[in-house]
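Have a look at the structure below before the remarks.
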Amino acid sequence: MPVKFGIGMLGYGFMGKAHTNAFKKIPYIFYPFPVEPELVAICGRDEANVRDAAARYRYQKWTTDWREMIADDRIHIFDNTGSNDIHCEPCIAALKAGKHVIVEKPMALNLAEARRMYRAAREAEEKGTKHLVAFNYRFVPALRLARRIIAEGRLGRIYHFRSAYLLDRLSDPTAPFFWRLNKERAGSGVLGDLNSHAIDILRFLLQTEINAVMAWNHTFISQRPGPNGDNCPVDVEDASMLWLKLTNGAMATLEASKVATGYKTVWRIEIHGSEGGLAFDLSRGNELQFYTKSDPLYLQGMRTIHVTEPEAHDYARYWWPRGHGLGWEHYHIHMLEHFLRCIATGADVAPWGATFADGFRCQEVIEAALVSGEKGGWVDINHTQLE
């Protein structure tokens with residue numbers, strides 16, 4: 001019989017729904033599975049909303065105090081999908097209580113908090129406690145294939161990495177103010193919300209570090225309608241451009257915007273090397289474009305690989321017949337399946353899953369980009385020794 005792992009969920013919104021959906025599906029999609037997630041408790045600030053979420057998602061109880069979940073012996077996994085300002089203290093408390101911890105990205109409000117969280121995770125690791133930062137795009141089959149192609153040397157020496165993560169969610173000036181537009185609760189705007197994904201996937205795909213960053217962060221719409229009919233000041237960026245110097249000698253550009261009018265969600269990644277190139281578009285998430293100079297000249301060109309074959313897709317055998325694609329929800333399912341399986345078997349969460357070490361490295365780049373955006377010029381990243 002599977003071992004029951006009690007889940008305590010902090011946050012009931014967008015990501016709380018995505019993670020809950022994953023926990024529900026894992027046991028029967030990955031059947032037989034060694035772990036049975038048990039939805040024990042869900043927590044949020046608003047009593048009426050969290051009570052409704054508990055009934056909707058079928059959690060056994062609800063609370064407005066995350067400390068109750070930390071103290072509950074039935075909870076083995078603490079999943080923090082709350083706003084960035086409540087990542088640090090609850091996660092550290094959960095780790096000290098011996099609970100495995102998942103936290104949404106970016107890992108922390110700032111680098112100082114990320115450092116504290118990482119140190120707590122390192123101490124907890126010695127007792128067998130696991131930790132994960134929810135960089136779900138590591139579990140996109142097409143991007144897993146991209147990592148394999150790069151690791152096999154098929155692109156040769158890497159020259160360029162480009163990322164453009166573009167949304168129009170805030171292009172309407174009447175779009176209401178919410179927590180991600182407040183620096184005190186979010187730490188940054190699209191830099192932390194969108195470009196954190198690009199920073200992590202760059203490190204994951206290229207297996208290299210970022211040595212220096214130059215940034216231009218800008219707020220196009222500086223006020224938004226508040227809940228009481230008043231205008232609330234927006235003190236984080238709604239558009240960001242990063243230029244990066246990489247340890248492997250390559251150059252990278254990362255663009256993120258929530259005022260890219262006409263794009264609902266477009267994330268395009270391009271990688272070019274001495275022997276070939278790759279391109280990925282999230283809106284066509286089951287496809288990977290690949291170019292290789294080893295083809296005869298008359299056949300050279302970007303080819304489209306439909307990543308549904310078992311040979312190219314780690315999770316294909318669990319889902320649908322070849323040719324049938326997956327979507328955004330599946331990346332979260334794959335990520336949390338990996339985490340649960342690592343807990344059950346004692347396997348390492350890294351390198352496929354992002355640990356608190358990866359979250360800390362990402363926060364180093366975010367912090368340097370904020371400094372560069374404010375002061376101008378290149379900012380070197382002196383990577384803190386993690387061991």
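Ligands are numbered from 1 in the order shown, residues from 1 within each chain, and chains are lettered A, B, ... in the order they appear in the structure tokens.
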ask   = Which residues, written as a VMD selection string, have at least one atom at most 10 Å from Gly285 of chain A, with only C-alpha atoms counted and residues fewer than 3 positions away on the same chain left out?
value = chain A and resid 140 to 143 267 280 to 282 288 306 to 307 325 to 328
With all heavy atoms retained, write the just-selected residues as a compact mmCIF listing (two decimals), in the first residue's frame.
```txt
# COMPACT_ATOMS: atom_id res chain seq x y z
N VAL A 140 9.09 20.43 -18.64
CA VAL A 140 8.51 20.46 -19.99
C VAL A 140 9.26 19.43 -20.83
O VAL A 140 10.49 19.54 -20.96
CB VAL A 140 8.62 21.85 -20.62
CG1 VAL A 140 8.05 21.84 -22.04
CG2 VAL A 140 7.93 22.90 -19.76
N PRO A 141 8.59 18.44 -21.40
CA PRO A 141 9.31 17.43 -22.19
C PRO A 141 10.22 18.02 -23.26
O PRO A 141 11.35 17.54 -23.45
CB PRO A 141 8.18 16.59 -22.80
CG PRO A 141 7.09 16.69 -21.78
CD PRO A 141 7.16 18.09 -21.24
N ALA A 142 9.76 19.05 -23.96
CA ALA A 142 10.59 19.64 -25.03
C ALA A 142 11.85 20.27 -24.46
O ALA A 142 12.92 20.20 -25.09
CB ALA A 142 9.78 20.67 -25.81
N LEU A 143 11.77 20.88 -23.28
CA LEU A 143 12.95 21.49 -22.69
C LEU A 143 13.88 20.44 -22.08
O LEU A 143 15.09 20.62 -22.06
CB LEU A 143 12.54 22.53 -21.65
CG LEU A 143 11.91 23.79 -22.25
CD1 LEU A 143 11.43 24.74 -21.16
CD2 LEU A 143 12.88 24.51 -23.18
N TRP A 267 6.33 32.72 -24.51
CA TRP A 267 7.69 32.59 -23.99
C TRP A 267 8.52 31.86 -25.04
O TRP A 267 8.32 30.68 -25.28
CB TRP A 267 7.72 31.83 -22.67
CG TRP A 267 9.09 31.82 -22.02
CD1 TRP A 267 10.12 32.69 -22.26
CD2 TRP A 267 9.58 30.90 -21.04
NE1 TRP A 267 11.21 32.39 -21.49
CE2 TRP A 267 10.90 31.30 -20.72
CE3 TRP A 267 9.02 29.80 -20.40
CZ2 TRP A 267 11.67 30.61 -19.80
CZ3 TRP A 267 9.78 29.12 -19.47
CH2 TRP A 267 11.10 29.52 -19.16
N PHE A 280 12.34 27.17 -28.78
CA PHE A 280 11.16 26.66 -28.08
C PHE A 280 10.19 27.80 -27.86
O PHE A 280 10.58 28.91 -27.51
CB PHE A 280 11.56 26.05 -26.73
CG PHE A 280 10.39 25.71 -25.85
CD1 PHE A 280 9.64 24.56 -26.08
CD2 PHE A 280 10.03 26.54 -24.80
CE1 PHE A 280 8.55 24.24 -25.27
CE2 PHE A 280 8.95 26.24 -23.98
CZ PHE A 280 8.21 25.09 -24.22
N ASP A 281 8.90 27.51 -28.04
CA ASP A 281 7.85 28.49 -27.82
C ASP A 281 6.80 27.84 -26.92
O ASP A 281 6.22 26.80 -27.28
CB ASP A 281 7.22 28.91 -29.15
CG ASP A 281 6.21 30.05 -29.00
OD1 ASP A 281 5.67 30.22 -27.89
OD2 ASP A 281 5.96 30.75 -29.99
N LEU A 282 6.57 28.42 -25.75
CA LEU A 282 5.65 27.83 -24.79
C LEU A 282 4.25 27.65 -25.36
O LEU A 282 3.53 26.71 -24.98
CB LEU A 282 5.60 28.70 -23.52
CG LEU A 282 4.71 28.20 -22.37
CD1 LEU A 282 5.21 26.85 -21.86
CD2 LEU A 282 4.67 29.22 -21.25
N LEU A 288 9.80 21.20 -30.37
CA LEU A 288 11.13 21.77 -30.23
C LEU A 288 11.72 21.90 -31.62
O LEU A 288 11.67 20.96 -32.41
CB LEU A 288 12.02 20.87 -29.37
CG LEU A 288 13.45 21.38 -29.13
CD1 LEU A 288 13.43 22.62 -28.24
CD2 LEU A 288 14.31 20.28 -28.49
N HIS A 306 8.21 16.89 -32.79
CA HIS A 306 7.00 16.79 -31.96
C HIS A 306 7.36 15.88 -30.79
O HIS A 306 7.51 14.67 -30.94
CB HIS A 306 5.85 16.22 -32.78
CG HIS A 306 4.51 16.50 -32.18
ND1 HIS A 306 3.59 15.51 -31.93
CD2 HIS A 306 3.93 17.66 -31.79
CE1 HIS A 306 2.50 16.05 -31.40
NE2 HIS A 306 2.69 17.35 -31.31
N VAL A 307 7.50 16.46 -29.60
CA VAL A 307 8.08 15.75 -28.46
C VAL A 307 7.00 14.94 -27.72
O VAL A 307 6.57 15.29 -26.62
CB VAL A 307 8.81 16.72 -27.51
CG1 VAL A 307 9.62 15.94 -26.48
CG2 VAL A 307 9.73 17.63 -28.30
N GLY A 325 -0.57 15.65 -27.29
CA GLY A 325 0.25 16.59 -26.56
C GLY A 325 -0.19 16.81 -25.12
O GLY A 325 -1.27 16.42 -24.70
N LEU A 326 0.72 17.45 -24.38
CA LEU A 326 0.46 17.84 -23.00
C LEU A 326 0.34 19.36 -22.92
O LEU A 326 0.66 20.08 -23.87
CB LEU A 326 1.58 17.35 -22.09
CG LEU A 326 1.83 15.84 -22.07
CD1 LEU A 326 2.96 15.52 -21.10
CD2 LEU A 326 0.57 15.08 -21.70
N GLY A 327 -0.10 19.86 -21.76
CA GLY A 327 -0.28 21.30 -21.57
C GLY A 327 0.36 21.80 -20.30
O GLY A 327 1.08 21.07 -19.60
N TRP A 328 0.04 23.04 -19.94
CA TRP A 328 0.71 23.73 -18.85
C TRP A 328 0.57 23.00 -17.52
O TRP A 328 1.51 22.93 -16.74
CB TRP A 328 0.14 25.15 -18.76
CG TRP A 328 0.77 26.00 -17.71
CD1 TRP A 328 1.91 26.73 -17.81
CD2 TRP A 328 0.27 26.21 -16.39
NE1 TRP A 328 2.16 27.39 -16.63
CE2 TRP A 328 1.17 27.08 -15.74
CE3 TRP A 328 -0.84 25.75 -15.67
CZ2 TRP A 328 0.99 27.50 -14.43
CZ3 TRP A 328 -1.02 26.15 -14.37
CH2 TRP A 328 -0.10 27.02 -13.75
```
Env of segment 199-201 of chain A: 10 Å cut, atoms = only C-alpha atoms, seq-sep filter 4 positions within chain, self excluded. Answer as a compact mmCIF listing (two decimals) with N, CA and C atoms, in the first residue's frame.
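That gives us out-v6.txt:
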```
# COMPACT_ATOMS: atom_id res chain seq x y z
N PHE A 135 10.15 25.68 -9.95
CA PHE A 135 10.46 26.04 -11.34
C PHE A 135 9.95 24.90 -12.23
N ASN A 136 8.68 24.97 -12.55
CA ASN A 136 7.99 23.86 -13.22
C ASN A 136 8.45 23.63 -14.65
N TYR A 137 9.05 24.64 -15.29
CA TYR A 137 9.42 24.47 -16.70
C TYR A 137 10.60 23.53 -16.90
N ARG A 138 11.28 23.16 -15.84
CA ARG A 138 12.28 22.10 -15.94
C ARG A 138 11.65 20.77 -16.36
N LEU A 143 11.77 20.88 -23.28
CA LEU A 143 12.95 21.49 -22.69
C LEU A 143 13.88 20.44 -22.08
N ARG A 147 17.80 20.04 -23.17
CA ARG A 147 18.96 19.84 -22.28
C ARG A 147 19.80 18.66 -22.74
N SER A 163 15.82 34.82 -24.36
CA SER A 163 14.51 34.51 -23.80
C SER A 163 13.64 35.75 -23.89
N LEU A 191 10.60 40.99 -13.24
CA LEU A 191 11.94 40.44 -13.05
C LEU A 191 11.88 39.16 -12.22
N GLY A 192 11.17 39.22 -11.10
CA GLY A 192 11.05 38.04 -10.24
C GLY A 192 9.97 37.08 -10.69
N LEU A 194 8.55 36.62 -13.92
CA LEU A 194 8.75 35.98 -15.22
C LEU A 194 10.22 35.66 -15.50
N ASN A 195 11.10 36.65 -15.33
CA ASN A 195 12.50 36.41 -15.68
C ASN A 195 13.19 35.44 -14.72
N LEU A 205 19.44 24.40 -18.64
CA LEU A 205 19.74 23.92 -19.98
C LEU A 205 21.23 23.95 -20.29
N LEU A 206 21.89 25.05 -19.95
CA LEU A 206 23.29 25.23 -20.33
C LEU A 206 24.25 24.69 -19.28
N GLN A 207 23.75 24.43 -18.07
CA GLN A 207 24.58 23.94 -16.96
C GLN A 207 25.78 24.84 -16.75
N GLU A 209 26.80 29.11 -15.06
CA GLU A 209 26.38 30.17 -14.15
C GLU A 209 26.42 31.52 -14.85
N ILE A 210 25.84 32.51 -14.21
CA ILE A 210 25.78 33.89 -14.71
C ILE A 210 26.78 34.71 -13.92
N LEU A 242 17.38 42.15 -19.47
CA LEU A 242 18.65 41.78 -18.85
C LEU A 242 19.65 41.37 -19.92
N LEU A 244 23.35 39.40 -20.00
CA LEU A 244 24.10 38.54 -19.09
C LEU A 244 25.41 38.07 -19.71
N ALA A 252 23.82 36.30 -23.14
CA ALA A 252 22.39 36.01 -23.02
C ALA A 252 21.61 37.31 -22.88
N LEU A 254 17.59 38.41 -21.67
CA LEU A 254 16.32 37.97 -21.10
C LEU A 254 15.37 39.16 -21.07
N ILE A 269 12.33 30.81 -26.36
CA ILE A 269 13.72 30.60 -25.98
C ILE A 269 14.49 30.18 -27.22
N ALA A 354 14.54 21.85 -9.04
CA ALA A 354 15.28 23.00 -8.52
C ALA A 354 15.22 22.98 -6.99
N ASP A 358 19.37 26.24 -6.02
CA ASP A 358 19.04 26.86 -7.30
C ASP A 358 18.23 28.14 -7.10
N GLY A 359 17.32 28.12 -6.13
CA GLY A 359 16.56 29.32 -5.82
C GLY A 359 17.44 30.46 -5.37
N ARG A 361 20.68 30.84 -6.16
CA ARG A 361 21.44 31.32 -7.31
C ARG A 361 20.59 32.25 -8.18
N CYS A 362 19.34 31.89 -8.37
CA CYS A 362 18.43 32.76 -9.13
C CYS A 362 18.27 34.11 -8.44
N GLN A 363 18.14 34.10 -7.12
CA GLN A 363 17.95 35.34 -6.36
C GLN A 363 19.18 36.23 -6.45
N VAL A 365 20.98 36.66 -9.08
CA VAL A 365 20.87 37.37 -10.36
C VAL A 365 19.79 38.45 -10.28
N ILE A 366 18.66 38.13 -9.66
CA ILE A 366 17.59 39.11 -9.50
C ILE A 366 18.10 40.32 -8.73
```
query = Which neighbours of Val133 of chain A fall inside 12 Å, counting only C-alpha atoms, when residues of the same chain fewer than 5 positions from it are skipped, and could you give them as an MDAnalysis selection string?
reply = chainID A and resid 79:81 87 91 100:108 114 117:118 121 138 196:197 200 332 335:336 339 349:350 352:363
message = Report as a ChimeraX atom specification all protein, DNA and RNA residues lying within 8 Å of Pro225 of chain A, evaluated on only C-alpha atoms, omitting residues in the same chain fewer than 6 positions from it.
response = /A:174-177,231-232
message = What parts of segment 114-209 of chain A does DSSP call alpha helix (DSSP H)? I'd like the answer as a PyMOL selection string.
response = chain A and resi 114-125+141-151+183-186+190-193+195-206
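With only C-alpha atoms as the basis for measurement, A:Gly189 is the residue among A:Gly189, A:Pro2, A:Gly44, A:Gly11 that approaches Leu170 of chain A most closely.
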request  = Pick out the residues sitting within 7 Å of Ala250 of chain A, and hand them over as a PyMOL selection string; count only C-alpha atoms, and ignore anything fewer than 6 positions along from it in its own chain.
outcome  = chain A and resi 158-160
request  = Mind listing the strand (DSSP E or B) residues of segment 165-383 of chain A, per DSSP on the backbone, as a PyMOL selection string?
outcome  = chain A and resi 165-166+210-218+223-225+231-233+239-246+251-257+266-273+276-281+287-292+303-306+354+379-380
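Nearest to His334 of chain A of all the residues A:Gly376, A:Pro27, A:Gly128, A:Pro233 is A:Pro27, based on only C-alpha atoms.
Interatomic distance, atom CA of Trp320 of chain A to atom CA of Val35 of chain A: 22.2 Å.
Closest to Ala260 of chain A among A:Asp235, A:Asp168, A:Asp314, A:Glu337 is A:Asp168, based on only C-alpha atoms.
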task = Would you list the contacts of Gly153 of chain A as a list in words, taking every protein, DNA or RNA residue within 12 Å and counting only C-alpha atoms, but skipping same-chain residues closer than 2 positions in sequence?
result = Ala146, Arg147, Arg148, Ile149, Ile150, Ala151, Leu155, Gly156, Arg157, Ile158, Leu206, Gly273, Ser274, Glu275, Gly276, Gly277 and Thr292 of chain A
request  = Tell me, in Å to one decimal, how far atom CA of Met9 of chain A is from atom CA of Ala316 of chain A.
outcome  = 28.4 Å
For Lys25 of chain A: contacts at 12 Å, only C-alpha atoms, fewer than 2 positions along chain excluded, given as a ChimeraX atom specification = /A:18-23,27-31,33,35-38,318-319,329-330,332-334,336-337
ask   = Quick one, how far is atom CA of Asp65 of chain A from atom CA of Lys17 of chain A?
value = 19.0 Å
